[in-house]
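Structure first, then comments.
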Amino acid sequence: APPPVFGFGATGGFGGAAATFDPSVFASAPKAAAADETDDAADAAAAEAECKAEFTPLVKLEKVEVASGEENEDVLFEAKSKSYRFIEGEWKERGLGPIKLLKHKETGKIRLLMRREKTLKVCANFHVKPGTKIEEHAGSEKARVMVVVDCSDGDVRPTMVNMCCKFGSAEKAELFQSEFEKAMEHMKQFEGEESEAKKEGDEAADALADDLAAKADTKEEEEKKEEA
């Protein structure tokens with residue numbers, strides 16, 4: 001009788017099957033690795049050859065110089081800072097970027113200018129005014145606070161605001177305050193000049209108002225005559 005394959009009479013639990021099992025029968029056939037590597041190298045060479053192709057642009061763009069408005073000014077101080085305005089009972093951020101003290105080469109006047117570092121949009125712009133109170137922020141020795149008349153919002157009328165400038169270190173904040181105080185001292189020579197300019201502006205505004213009033217009166221008299 002043939003030997004049992006399964007059951008109690010089988011040796012090793014499965015009879016002779018365990019001795020004749022060949023795992024290689026179930027293994028997959030080896031891949032042609034060398035052929036694949038050759039194909040990959042050929043594809044890479046072809047891609048590199050394509051990358052070397054040159055294309056002539058249909059439209060040639062020329063470099064355009066954009067004026068920043070700072071060409072006629074010397075930099076007296078520059079540092080990276082974060083500025084704030086005190087609005088509705090809290091400090092609200094205005095922007096992060098370089099803050100500068102700029103002295104005009106012709107007039108000699110000094111202004112503070114700050115731009116946002118990515119968009120370059122102006123977030124602070126005003127002439128340094130003598131007598132401005134600048135002091136350390138109560139909560140940080142790296143920050144300085146002051147009240148200024150800022151005109152960085154374009155066509156919005158310049159307004160008096162509480163401004164805070166925070167720097168990367170206390171030393172940088174101290175240097176800014178020192179340079180700002182020097183700028184205030186320098187700007188004292190223009191105080192009378194600004195007062196005279198304001199006086200002339202007020203006189204011109206009054207003259208324009210009188211002229212408009214006179215024209216209105218004349219027009220009213222002419223309308224009355226036509227009705228009569």
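Following the order of the structure tokens, first chain is A, next is B, and so on, with residues numbered from 1 inside each chain and ligands from 1 in the order they appear.
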
| Shell of 12 Å around Glu185 of chain A, only C-alpha atoms, local chain residues under 5 positions omitted, as JSON, numbers by chain | {"A": [109, 110, 128, 129, 130, 131, 132, 178, 179, 180, 190, 191]}

| Which residues in segment 138-215 of chain A does DSSP call helix (DSSP H, G or I)? List them as an NGL selection string. | :A and (170-215)

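Between atom CA of Glu135 of chain A and atom CA of Val148 of chain A there is a distance of 12.8 Å.
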
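Atom CA of Lys105 of chain A is positioned 26.3 Å from atom CA of Val147 of chain A.
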
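Straight-line separation from atom CA of Cys123 of chain A to atom CA of Cys151 of chain A: 8.9 Å.
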
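Among the candidate residues A:Asp150, A:Glu65, A:Glu78, A:Glu106, the one lying nearest to His127 of chain A is A:Asp150, with distances computed using only C-alpha atoms.
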
| request: Could you give me, as a count of residues only, the residues within 8 Å of Met114 of chain A, counting only C-alpha atoms and dropping anything in the same chain fewer than 3 positions from it? | output: 8

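Closest approach to Glu174 of chain A among A:Arg94, A:Lys188, A:His137, A:His104: A:His137, based on only C-alpha atoms.
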
| message | If we count only C-alpha atoms and set the cut-off at 7 Å, which residues sit around Ala143 of chain A, ignoring sequence neighbours fewer than 3 positions away in its own chain? Please answer as a ChimeraX atom specification. | response | /A:136-137,140,164-167,173
